[in-house]
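File shown: data_39.txt. Contents: compact mmCIF, C-alpha atoms.
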```txt
# COMPACT_ATOMS: atom_id res chain seq x y z
CA MET T 1 92.60 60.82 201.81
CA LYS T 2 93.50 58.96 198.62
CA ILE T 3 93.36 55.20 199.05
CA ILE T 4 95.30 53.29 196.41
CA GLU T 5 94.01 49.71 196.30
CA CYS T 6 96.63 47.18 195.15
CA PRO T 7 95.15 43.86 193.97
CA ARG T 8 98.24 43.39 191.78
CA ASP T 9 100.50 43.46 194.83
CA ALA T 10 98.13 41.18 196.70
CA MET T 11 98.09 38.59 193.91
CA GLN T 12 101.63 38.59 192.59
CA GLY T 13 103.23 36.44 195.28
CA ILE T 14 100.59 33.67 195.18
CA GLU T 15 102.02 30.60 193.47
CA GLN T 16 98.74 29.03 192.35
CA PHE T 17 97.46 30.87 189.29
CA ILE T 18 94.29 32.81 189.99
CA PRO T 19 91.89 32.28 187.05
CA THR T 20 91.61 35.30 184.79
CA ASP T 21 87.81 35.38 185.12
CA LYS T 22 88.13 35.54 188.91
CA LYS T 23 90.60 38.43 188.65
CA ILE T 24 88.21 40.28 186.34
CA GLU T 25 85.28 39.76 188.72
CA TYR T 26 87.35 40.97 191.68
CA ILE T 27 88.81 44.03 189.96
CA ASN T 28 85.40 45.00 188.59
CA SER T 29 84.06 44.93 192.14
CA LEU T 30 86.93 47.13 193.32
CA LEU T 31 86.19 49.62 190.55
CA GLU T 32 82.80 50.20 192.18
CA VAL T 33 84.19 51.08 195.62
CA GLY T 34 85.49 54.55 194.79
CA PHE T 35 89.22 54.15 195.34
CA ASP T 36 91.32 56.95 193.90
CA THR T 37 93.55 54.50 192.02
CA LEU T 38 93.68 50.76 191.40
CA ASP T 39 97.08 49.10 191.02
CA PHE T 40 95.45 46.41 188.92
CA GLY T 41 98.26 44.60 187.08
CA SER T 42 101.78 44.71 185.71
CA PHE T 43 103.57 44.39 182.41
CA VAL T 44 106.59 42.42 183.53
CA SER T 45 108.28 39.18 182.52
CA PRO T 46 105.88 36.23 182.99
CA LYS T 47 108.92 34.20 184.06
CA ALA T 48 109.57 36.63 186.91
CA ILE T 49 105.93 37.14 187.98
CA PRO T 50 103.79 34.34 186.44
CA GLN T 51 100.65 35.51 188.23
CA MET T 52 100.54 38.71 186.17
CA ARG T 53 100.87 37.15 182.73
CA ASP T 54 97.20 37.87 181.94
CA THR T 55 97.20 41.61 182.73
CA ALA T 56 96.37 42.63 179.14
CA GLU T 57 93.46 40.18 179.03
CA VAL T 58 92.18 41.42 182.37
CA TYR T 59 92.35 45.03 181.18
CA GLU T 60 90.21 44.28 178.14
CA LYS T 61 87.37 42.93 180.30
CA ILE T 62 87.21 45.31 183.25
CA ASN T 63 84.73 48.18 183.46
CA TRP T 64 87.18 51.05 183.86
CA LYS T 65 85.15 53.34 181.59
CA ASN T 66 82.27 53.32 184.07
CA SER T 67 84.42 54.06 187.11
CA THR T 68 85.94 57.21 188.59
CA THR T 69 88.88 55.10 189.77
CA LYS T 70 92.10 55.50 187.79
CA LEU T 71 94.17 52.50 186.70
CA LEU T 72 97.85 52.04 187.52
CA ALA T 73 100.07 49.34 186.00
CA ILE T 74 103.51 48.40 187.26
CA VAL T 75 106.38 48.22 184.76
CA ALA T 76 109.93 47.11 185.43
CA ASN T 77 111.58 48.35 182.25
CA LYS T 78 111.07 50.30 179.03
CA ARG T 79 109.67 47.26 177.24
CA GLY T 80 106.90 46.92 179.80
CA ALA T 81 106.22 50.65 179.60
CA GLU T 82 105.90 50.47 175.82
CA GLU T 83 103.18 47.85 176.32
CA ALA T 84 101.38 49.70 179.12
CA VAL T 85 101.10 53.05 177.31
CA LYS T 86 99.07 51.42 174.54
CA TYR T 87 96.05 51.19 176.83
CA GLU T 88 93.83 54.25 177.06
CA GLY T 89 92.47 53.43 180.49
CA ILE T 90 95.84 53.13 182.19
CA ARG T 91 96.45 56.55 183.73
CA TYR T 92 99.58 55.81 185.75
CA LEU T 93 102.73 53.79 185.14
CA GLY T 94 104.32 52.62 188.38
CA PHE T 95 108.07 52.02 188.43
CA PRO T 96 109.82 50.36 191.40
CA MET T 97 113.12 52.16 191.93
CA SER T 98 115.13 50.73 194.79
CA ILE T 99 117.41 52.73 197.02
CA SER T 100 119.13 49.41 197.78
CA GLU T 101 121.56 48.27 195.10
CA THR T 102 121.10 44.62 196.09
CA PHE T 103 117.32 44.78 195.81
CA GLN T 104 117.41 46.70 192.53
CA GLN T 105 119.42 43.83 191.06
CA ARG T 106 117.08 41.22 192.56
CA ASN T 107 113.92 42.99 191.47
CA THR T 108 114.79 44.18 187.94
CA ASN T 109 118.19 42.63 187.18
CA LYS T 110 119.68 46.11 186.78
CA SER T 111 121.94 48.40 188.77
CA ILE T 112 120.53 51.60 190.24
CA ALA T 113 122.39 53.60 187.58
CA GLU T 114 120.90 51.48 184.78
CA ALA T 115 117.43 51.72 186.30
CA LEU T 116 117.66 55.52 186.53
CA ASN T 117 118.44 55.65 182.82
CA GLU T 118 115.42 53.46 182.18
CA LEU T 119 113.29 55.70 184.38
CA ALA T 120 114.13 58.67 182.16
CA GLU T 121 113.09 56.69 179.06
CA ILE T 122 109.84 55.62 180.72
CA LYS T 123 109.11 59.24 181.60
CA ASN T 124 109.52 60.17 177.93
CA LEU T 125 106.95 57.51 177.01
CA CYS T 126 104.59 58.86 179.68
CA VAL T 127 104.83 62.38 178.27
CA LYS T 128 104.28 61.16 174.73
CA HIS T 129 101.19 59.13 175.68
CA ASP T 130 99.70 61.44 178.33
CA LYS T 131 100.40 59.16 181.31
CA GLN T 132 101.78 60.00 184.73
CA LEU T 133 104.77 58.33 186.36
CA VAL T 134 104.52 57.01 189.90
CA THR T 135 107.94 56.04 191.24
CA TYR T 136 108.17 53.76 194.26
CA VAL T 137 111.22 54.22 196.48
CA SER T 138 111.62 50.52 197.22
CA MET T 139 113.37 49.68 200.50
CA GLY T 140 112.62 53.30 201.41
CA PHE T 141 112.57 52.54 205.13
CA GLY T 142 115.66 50.33 205.27
CA ASN T 143 116.82 47.04 203.79
CA PRO T 144 117.97 43.62 205.04
CA TYR T 145 121.08 43.56 202.85
CA HIS T 146 123.24 46.02 204.82
CA ASP T 147 123.22 48.44 201.87
CA PRO T 148 123.67 52.11 202.83
CA TYR T 149 120.53 53.72 204.25
CA SER T 150 119.56 56.93 205.99
CA PRO T 151 116.70 59.45 205.73
CA ASP T 152 119.16 61.90 204.13
CA HIS T 153 119.98 59.26 201.52
CA VAL T 154 116.26 58.88 200.78
CA GLY T 155 116.03 62.66 200.37
CA SER T 156 118.90 62.77 197.88
CA PHE T 157 117.49 59.80 195.99
CA THR T 158 114.03 61.35 195.82
CA ASP T 159 115.58 64.55 194.44
CA ILE T 160 117.03 62.54 191.55
CA LEU T 161 113.70 60.82 190.87
CA ILE T 162 111.82 64.13 190.74
CA THR T 163 114.50 65.69 188.56
CA LEU T 164 114.04 62.80 186.11
CA GLY T 165 110.32 63.54 185.90
CA SER T 166 108.55 61.42 188.52
CA ASP T 167 105.07 62.90 189.00
CA ILE T 168 104.28 61.07 192.23
CA ILE T 169 106.64 59.51 194.78
CA SER T 170 105.56 56.58 196.94
CA LEU T 171 107.83 55.71 199.87
CA ALA T 172 107.72 51.92 200.01
CA ASP T 173 108.39 49.80 203.06
CA THR T 174 109.04 46.72 200.96
CA ILE T 175 109.71 44.30 203.82
CA GLY T 176 107.47 45.76 206.53
CA ALA T 177 110.40 46.88 208.67
CA ALA T 178 109.46 50.52 209.29
CA THR T 179 108.58 51.66 212.79
CA PRO T 180 105.92 54.30 213.37
CA ALA T 181 108.65 56.73 214.43
CA LEU T 182 110.62 56.22 211.21
CA ILE T 183 107.44 56.54 209.11
CA SER T 184 106.64 59.84 210.79
CA ASN T 185 110.17 61.22 210.59
CA LEU T 186 110.87 60.18 207.01
CA PHE T 187 107.53 61.30 205.61
CA THR T 188 107.84 64.66 207.34
CA LYS T 189 111.37 65.14 206.03
CA ILE T 190 110.57 64.23 202.42
CA THR T 191 107.38 66.29 202.21
CA GLN T 192 109.11 69.32 203.67
CA GLN T 193 111.98 68.88 201.20
CA PHE T 194 109.62 68.51 198.21
CA PRO T 195 106.43 70.46 199.02
CA ASP T 196 105.29 70.66 195.39
CA THR T 197 105.37 66.89 194.74
CA GLU T 198 102.63 64.42 195.68
CA ILE T 199 104.17 62.00 198.18
CA GLY T 200 102.50 58.83 199.40
CA VAL T 201 103.37 55.69 201.32
CA HIS T 202 103.21 52.04 200.36
CA LEU T 203 103.58 50.27 203.67
CA HIS T 204 103.61 46.59 204.50
CA ALA T 205 102.55 45.47 207.95
CA ARG T 206 101.26 42.59 209.96
CA LYS T 207 97.68 42.98 211.12
CA GLU T 208 98.62 43.95 214.66
CA ASP T 209 100.91 46.74 213.41
CA THR T 210 98.68 48.21 210.70
CA ILE T 211 96.90 50.91 212.70
CA LYS T 212 100.07 52.13 214.44
CA LYS T 213 101.79 52.59 211.07
CA LEU T 214 98.72 54.17 209.49
CA GLU T 215 98.35 56.61 212.38
CA ALA T 216 102.02 57.61 212.11
CA ALA T 217 101.64 58.38 208.40
CA VAL T 218 98.37 60.28 208.82
CA ASP T 219 99.67 62.33 211.75
CA ALA T 220 102.67 63.28 209.58
CA GLY T 221 100.28 64.67 206.98
CA CYS T 222 100.09 61.79 204.50
CA LYS T 223 97.08 61.92 202.19
CA ARG T 224 97.98 59.05 199.83
CA ILE T 225 98.19 55.52 201.22
CA ASP T 226 98.35 52.13 199.48
CA GLY T 227 96.53 49.10 200.80
CA ALA T 228 95.14 45.71 199.80
CA MET T 229 92.04 43.87 200.89
CA ARG T 230 92.65 41.41 203.74
CA GLY T 231 96.30 42.47 203.99
CA PHE T 232 97.51 40.15 201.27
CA GLY T 233 100.64 40.79 199.26
CA GLY T 234 104.33 41.37 199.61
CA CYS T 235 107.16 41.45 197.16
CA PRO T 236 108.25 37.93 196.14
CA MET T 237 111.67 39.36 195.20
CA ALA T 238 112.39 40.72 198.68
CA LYS T 239 112.63 37.97 201.31
CA ASP T 240 111.54 34.40 201.91
CA GLU T 241 108.86 35.55 204.34
CA LEU T 242 106.30 37.92 202.82
CA VAL T 243 104.90 40.71 204.96
CA GLY T 244 101.54 41.67 203.51
CA ASN T 245 100.12 45.04 202.55
CA MET T 246 98.23 47.24 204.96
CA ALA T 247 94.72 45.76 205.13
CA THR T 248 92.39 48.21 203.39
CA GLU T 249 89.35 47.33 205.49
CA LEU T 250 91.27 48.03 208.71
CA MET T 251 92.55 51.34 207.37
CA VAL T 252 89.11 52.47 206.18
CA SER T 253 87.52 51.57 209.51
CA TRP T 254 90.15 53.57 211.43
CA LEU T 255 89.96 56.55 209.08
CA ASP T 256 86.19 56.57 209.46
CA SER T 257 86.54 56.52 213.25
CA LYS T 258 88.70 59.64 212.99
CA ASN T 259 86.23 61.35 210.61
CA ILE T 260 88.84 61.37 207.84
CA LYS T 261 87.05 61.47 204.50
CA THR T 262 87.76 58.73 201.92
CA ASP T 263 84.67 58.96 199.66
CA LEU T 264 84.42 55.18 199.50
CA ASN T 265 81.19 53.20 199.06
CA ILE T 266 81.29 51.00 202.15
CA GLN T 267 78.56 48.67 200.88
CA ASN T 268 80.55 47.96 197.72
CA LEU T 269 83.75 47.63 199.74
CA THR T 270 82.04 44.91 201.78
CA LYS T 271 81.07 43.12 198.57
CA SER T 272 84.68 43.27 197.34
CA LEU T 273 85.88 41.92 200.65
CA ALA T 274 83.60 38.91 200.24
CA ILE T 275 84.96 38.26 196.74
CA ALA T 276 88.52 38.62 198.08
CA GLN T 277 87.81 35.67 200.38
CA GLN T 278 87.23 33.58 197.24
CA VAL T 279 90.24 34.96 195.34
CA PHE T 280 92.89 34.49 198.01
CA PRO T 281 93.86 31.48 200.10
CA VAL T 282 92.91 31.32 203.77
CA HIS T 283 94.79 34.13 205.51
```

Take the structure from the file and write it as structure tokens.
Amino acid sequence: MKIIECPRDAMQGIEQFIPTDKKIEYINSLLEVGFDTLDFGSFVSPKAIPQMRDTAEVYEKINWKNSTTKLLAIVANKRGAEEAVKYEGIRYLGFPMSISETFQQRNTNKSIAEALNELAEIKNLCVKHDKQLVTYVSMGFGNPYHDPYSPDHVGSFTDILITLGSDIISLADTIGAATPALISNLFTKITQQFPDTEIGVHLHARKEDTIKKLEAAVDAGCKRIDGAMRGFGGCPMAKDELVGNMATELMVSWLDSKNIKTDLNIQNLTKSLAIAQQVFPVH
């Protein structure tokens, strides 16, 4: 099981600026846990996401060279991608590509058609600089805007993303609305439709729903799941009420109880969890 830890997603919606030194300390601790990938920062407009304005500074002071964990940075456009590809240690560029026209406009100020063109340009940069492209199907389990949605629509959309060069697809439940049944059905459908592509899930859930959603994904065959310590996070562009990420510590505990291998250092995970209590507000 690949666990993708997402401190960037956990931090981005917090209004009070988290000191850069504290971010560095926290991310360095996460790099010692053994996660497959760390979604550590983003190269986006500081006006849109002020919390992430120090991503380049954080990168320069984290110990990625001494870790087996790979770094992922989120970009929202070609300009952000041009910045991200400069950094040797960044292995993955993550691009949020919404299936909802309304949310695509809210999140990146572009239409879906414009964003698809940008995706193709970002893929070209990835090829040129030996990076891989992770595309998130935002609002992949439905949306609150009454935009068209169906599992078949997700399948057609995913086909376009793979055709344009996406190396990994992450089905994102941006607002935490997915039911276990929908998670199971959609993941099964997409993986059967695209058996040669790595497919993961980026789910948001309240604490009481985390295990039910995790179990649905795992039972459907998912081997790539995003999470964040203490269940913090949520997209500040989505709704007024943020639904946090799946809490990593809850997921790891459940996976361990089912004898599902994660290769994580539990002692170091516990240390990171303690630092997370200093980084984030009471939750």

Residues near Met229 in chain T, cut-off 10 Å, only C-alpha atoms, skip fewer than 4 positions along chain, as a ChimeraX atom specification: /T:5-7,10,30,233,245-251,269,272-277,280

Writer output for current selection, C-alpha atoms, as a PDB file, keeping the file's coordinate frame:
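Output file part04.pdb is given in full below:
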```pdb
ATOM      1  CA  GLU T   5      94.010  49.710 196.300  1.00  0.00           C
ATOM      2  CA  CYS T   6      96.630  47.180 195.150  1.00  0.00           C
ATOM      3  CA  PRO T   7      95.150  43.860 193.970  1.00  0.00           C
ATOM      4  CA  ALA T  10      98.130  41.180 196.700  1.00  0.00           C
ATOM      5  CA  LEU T  30      86.930  47.130 193.320  1.00  0.00           C
ATOM      6  CA  GLY T 233     100.640  40.790 199.260  1.00  0.00           C
ATOM      7  CA  ASN T 245     100.120  45.040 202.550  1.00  0.00           C
ATOM      8  CA  MET T 246      98.230  47.240 204.960  1.00  0.00           C
ATOM      9  CA  ALA T 247      94.720  45.760 205.130  1.00  0.00           C
ATOM     10  CA  THR T 248      92.390  48.210 203.390  1.00  0.00           C
ATOM     11  CA  GLU T 249      89.350  47.330 205.490  1.00  0.00           C
ATOM     12  CA  LEU T 250      91.270  48.030 208.710  1.00  0.00           C
ATOM     13  CA  MET T 251      92.550  51.340 207.370  1.00  0.00           C
ATOM     14  CA  LEU T 269      83.750  47.630 199.740  1.00  0.00           C
ATOM     15  CA  SER T 272      84.680  43.270 197.340  1.00  0.00           C
ATOM     16  CA  LEU T 273      85.880  41.920 200.650  1.00  0.00           C
ATOM     17  CA  ALA T 274      83.600  38.910 200.240  1.00  0.00           C
ATOM     18  CA  ILE T 275      84.960  38.260 196.740  1.00  0.00           C
ATOM     19  CA  ALA T 276      88.520  38.620 198.080  1.00  0.00           C
ATOM     20  CA  GLN T 277      87.810  35.670 200.380  1.00  0.00           C
ATOM     21  CA  PHE T 280      92.890  34.490 198.010  1.00  0.00           C
TER      22      PHE T 280
END
```

Spatial sel., origin (90.8, 35.5, 190.9), limit 10 Å, all atoms listed in the file, listed as a ChimeraX atom specification: /T:7,11,17-27,275-280

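Remark: for Ile190 in chain T, the closest of the candidate residues T:Cys222, T:Val85, T:Ala113, T:Ile62 is T:Cys222 (distances computed over all atoms listed in the file).
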
Among the residues T:Ile169, T:Met52, T:Leu31, T:Leu38, the one that comes closest to Asn265 in chain T [using only C-alpha atoms]: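 The closest residue to Asn265 in chain T is T:Leu31.
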
T:Thr108, T:Val44, T:Phe35, T:Met97 ranked by distance to Leu71 in chain T, top pick (using all atoms listed in the file):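 Checking each of T:Thr108, T:Val44, T:Phe35, T:Met97 against Leu71 in chain T, counting all atoms listed in the file, the winner is T:Phe35.
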
Point-to-point distance in Å for CA of Ser100 in chain T and CA of Phe187 in chain T: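 It comes out at 18.4 Å.
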
For CA of Asp9 in chain T and CA of Asp39 in chain T, the interatomic separation in Å (one decimal):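 Answer for the CA of Asp9 in chain T to CA of Asp39 in chain T separation: 7.6 Å.
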
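Shortest separation to Phe141 in chain T among T:Gly176, T:Gly227, T:Gly89, T:Gly155 occurs at residue T:Gly176, atoms counted being only C-alpha atoms.
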
Counting all atoms listed in the file, the option among T:Asp167, T:Asp173, T:Glu32, T:Glu83 closest to Ile199 in chain T: T:Asp167

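Between CA of Val75 in chain T and CA of Ala115 in chain T the interatomic distance comes to 11.7 Å.
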
For Phe103 in chain T, the nearest of the candidates T:Ile175, T:Ile211, T:Leu72, T:Ile266, counting all atoms listed in the file: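 So, comparing all the options, the nearest one is T:Ile175.
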
Non-local contacts of Ser138 in chain T (7 Å; only C-alpha atoms; under 4 positions in same chain excluded) as a PyMOL selection string: chain T and resi 96-99+171-174

Please complete range 101-112 of chain T with all heavy atoms and give it back as a PDB file, keeping the file's coordinate frame.
```pdb
ATOM      1  N   GLU T 101     120.950  48.836 196.301  1.00  0.00           N
ATOM      2  CA  GLU T 101     121.560  48.270 195.100  1.00  0.00           C
ATOM      3  C   GLU T 101     121.277  46.777 194.988  1.00  0.00           C
ATOM      4  O   GLU T 101     120.950  46.271 193.899  1.00  0.00           O
ATOM      5  CB  GLU T 101     123.078  48.503 195.126  1.00  0.00           C
ATOM      6  CG  GLU T 101     123.809  48.085 193.861  1.00  0.00           C
ATOM      7  CD  GLU T 101     123.525  49.011 192.669  1.00  0.00           C
ATOM      8  OE1 GLU T 101     123.712  50.224 192.793  1.00  0.00           O
ATOM      9  OE2 GLU T 101     123.098  48.476 191.621  1.00  0.00           O
ATOM     10  N   THR T 102     121.345  46.064 196.106  1.00  0.00           N
ATOM     11  CA  THR T 102     121.100  44.620 196.090  1.00  0.00           C
ATOM     12  C   THR T 102     119.679  44.315 195.626  1.00  0.00           C
ATOM     13  O   THR T 102     119.459  43.453 194.772  1.00  0.00           O
ATOM     14  CB  THR T 102     121.331  44.022 197.490  1.00  0.00           C
ATOM     15  OG1 THR T 102     122.648  44.316 197.914  1.00  0.00           O
ATOM     16  CG2 THR T 102     121.113  42.511 197.477  1.00  0.00           C
ATOM     17  N   PHE T 103     118.701  45.056 196.179  1.00  0.00           N
ATOM     18  CA  PHE T 103     117.320  44.780 195.810  1.00  0.00           C
ATOM     19  C   PHE T 103     117.017  45.213 194.388  1.00  0.00           C
ATOM     20  O   PHE T 103     116.213  44.567 193.699  1.00  0.00           O
ATOM     21  CB  PHE T 103     116.349  45.466 196.785  1.00  0.00           C
ATOM     22  CG  PHE T 103     114.916  45.104 196.508  1.00  0.00           C
ATOM     23  CD1 PHE T 103     114.494  43.793 196.626  1.00  0.00           C
ATOM     24  CD2 PHE T 103     113.998  46.065 196.128  1.00  0.00           C
ATOM     25  CE1 PHE T 103     113.174  43.439 196.365  1.00  0.00           C
ATOM     26  CE2 PHE T 103     112.679  45.726 195.866  1.00  0.00           C
ATOM     27  CZ  PHE T 103     112.269  44.411 195.982  1.00  0.00           C
ATOM     28  N   GLN T 104     117.633  46.286 193.919  1.00  0.00           N
ATOM     29  CA  GLN T 104     117.410  46.700 192.530  1.00  0.00           C
ATOM     30  C   GLN T 104     117.824  45.576 191.579  1.00  0.00           C
ATOM     31  O   GLN T 104     117.136  45.283 190.602  1.00  0.00           O
ATOM     32  CB  GLN T 104     118.179  47.978 192.211  1.00  0.00           C
ATOM     33  CG  GLN T 104     117.833  48.589 190.858  1.00  0.00           C
ATOM     34  CD  GLN T 104     116.385  49.072 190.786  1.00  0.00           C
ATOM     35  OE1 GLN T 104     115.915  49.768 191.664  1.00  0.00           O
ATOM     36  NE2 GLN T 104     115.675  48.688 189.738  1.00  0.00           N
ATOM     37  N   GLN T 105     118.952  44.949 191.876  1.00  0.00           N
ATOM     38  CA  GLN T 105     119.420  43.830 191.060  1.00  0.00           C
ATOM     39  C   GLN T 105     118.456  42.644 191.155  1.00  0.00           C
ATOM     40  O   GLN T 105     118.115  42.026 190.138  1.00  0.00           O
ATOM     41  CB  GLN T 105     120.820  43.400 191.502  1.00  0.00           C
ATOM     42  CG  GLN T 105     121.925  44.404 191.170  1.00  0.00           C
ATOM     43  CD  GLN T 105     122.359  44.348 189.704  1.00  0.00           C
ATOM     44  OE1 GLN T 105     121.831  43.565 188.922  1.00  0.00           O
ATOM     45  NE2 GLN T 105     123.328  45.172 189.340  1.00  0.00           N
ATOM     46  N   ARG T 106     117.989  42.347 192.363  1.00  0.00           N
ATOM     47  CA  ARG T 106     117.080  41.220 192.560  1.00  0.00           C
ATOM     48  C   ARG T 106     115.738  41.446 191.875  1.00  0.00           C
ATOM     49  O   ARG T 106     115.140  40.522 191.330  1.00  0.00           O
ATOM     50  CB  ARG T 106     116.850  40.980 194.057  1.00  0.00           C
ATOM     51  CG  ARG T 106     118.032  40.393 194.783  1.00  0.00           C
ATOM     52  CD  ARG T 106     117.709  40.101 196.232  1.00  0.00           C
ATOM     53  NE  ARG T 106     116.661  39.086 196.391  1.00  0.00           N
ATOM     54  CZ  ARG T 106     116.464  38.405 197.507  1.00  0.00           C
ATOM     55  NH1 ARG T 106     117.229  38.599 198.556  1.00  0.00           N
ATOM     56  NH2 ARG T 106     115.499  37.508 197.576  1.00  0.00           N
ATOM     57  N   ASN T 107     115.268  42.694 191.926  1.00  0.00           N
ATOM     58  CA  ASN T 107     113.920  42.990 191.470  1.00  0.00           C
ATOM     59  C   ASN T 107     113.835  43.205 189.968  1.00  0.00           C
ATOM     60  O   ASN T 107     112.849  42.807 189.337  1.00  0.00           O
ATOM     61  CB  ASN T 107     113.399  44.242 192.202  1.00  0.00           C
ATOM     62  CG  ASN T 107     111.888  44.358 192.161  1.00  0.00           C
ATOM     63  OD1 ASN T 107     111.174  43.362 192.143  1.00  0.00           O
ATOM     64  ND2 ASN T 107     111.396  45.580 192.131  1.00  0.00           N
ATOM     65  N   THR T 108     114.858  43.857 189.379  1.00  0.00           N
ATOM     66  CA  THR T 108     114.790  44.180 187.940  1.00  0.00           C
ATOM     67  C   THR T 108     116.028  43.747 187.171  1.00  0.00           C
ATOM     68  O   THR T 108     116.129  44.020 185.977  1.00  0.00           O
ATOM     69  CB  THR T 108     114.587  45.697 187.736  1.00  0.00           C
ATOM     70  OG1 THR T 108     115.752  46.402 188.193  1.00  0.00           O
ATOM     71  CG2 THR T 108     113.358  46.203 188.490  1.00  0.00           C
ATOM     72  N   ASN T 109     116.963  43.106 187.837  1.00  0.00           N
ATOM     73  CA  ASN T 109     118.190  42.630 187.180  1.00  0.00           C
ATOM     74  C   ASN T 109     118.979  43.785 186.560  1.00  0.00           C
ATOM     75  O   ASN T 109     119.592  43.637 185.506  1.00  0.00           O
ATOM     76  CB  ASN T 109     117.858  41.579 186.115  1.00  0.00           C
ATOM     77  CG  ASN T 109     119.060  40.716 185.762  1.00  0.00           C
ATOM     78  OD1 ASN T 109     119.940  40.497 186.602  1.00  0.00           O
ATOM     79  ND2 ASN T 109     119.125  40.250 184.534  1.00  0.00           N
ATOM     80  N   LYS T 110     118.942  44.934 187.236  1.00  0.00           N
ATOM     81  CA  LYS T 110     119.680  46.110 186.780  1.00  0.00           C
ATOM     82  C   LYS T 110     120.311  46.800 187.981  1.00  0.00           C
ATOM     83  O   LYS T 110     119.816  46.687 189.111  1.00  0.00           O
ATOM     84  CB  LYS T 110     118.750  47.105 186.072  1.00  0.00           C
ATOM     85  CG  LYS T 110     118.281  46.680 184.685  1.00  0.00           C
ATOM     86  CD  LYS T 110     117.421  47.759 184.052  1.00  0.00           C
ATOM     87  CE  LYS T 110     117.080  47.385 182.613  1.00  0.00           C
ATOM     88  NZ  LYS T 110     116.304  46.131 182.545  1.00  0.00           N
ATOM     89  N   SER T 111     121.367  47.555 187.729  1.00  0.00           N
ATOM     90  CA  SER T 111     121.940  48.400 188.770  1.00  0.00           C
ATOM     91  C   SER T 111     121.055  49.630 188.949  1.00  0.00           C
ATOM     92  O   SER T 111     120.196  49.928 188.119  1.00  0.00           O
ATOM     93  CB  SER T 111     123.349  48.831 188.379  1.00  0.00           C
ATOM     94  OG  SER T 111     123.295  49.708 187.255  1.00  0.00           O
ATOM     95  N   ILE T 112     121.266  50.352 190.032  1.00  0.00           N
ATOM     96  CA  ILE T 112     120.530  51.600 190.240  1.00  0.00           C
ATOM     97  C   ILE T 112     120.792  52.564 189.099  1.00  0.00           C
ATOM     98  O   ILE T 112     119.870  53.200 188.579  1.00  0.00           O
ATOM     99  CB  ILE T 112     120.897  52.233 191.598  1.00  0.00           C
ATOM    100  CG1 ILE T 112     120.303  51.398 192.743  1.00  0.00           C
ATOM    101  CG2 ILE T 112     120.419  53.683 191.676  1.00  0.00           C
ATOM    102  CD1 ILE T 112     120.692  51.866 194.132  1.00  0.00           C
TER     103      ILE T 112
END
```
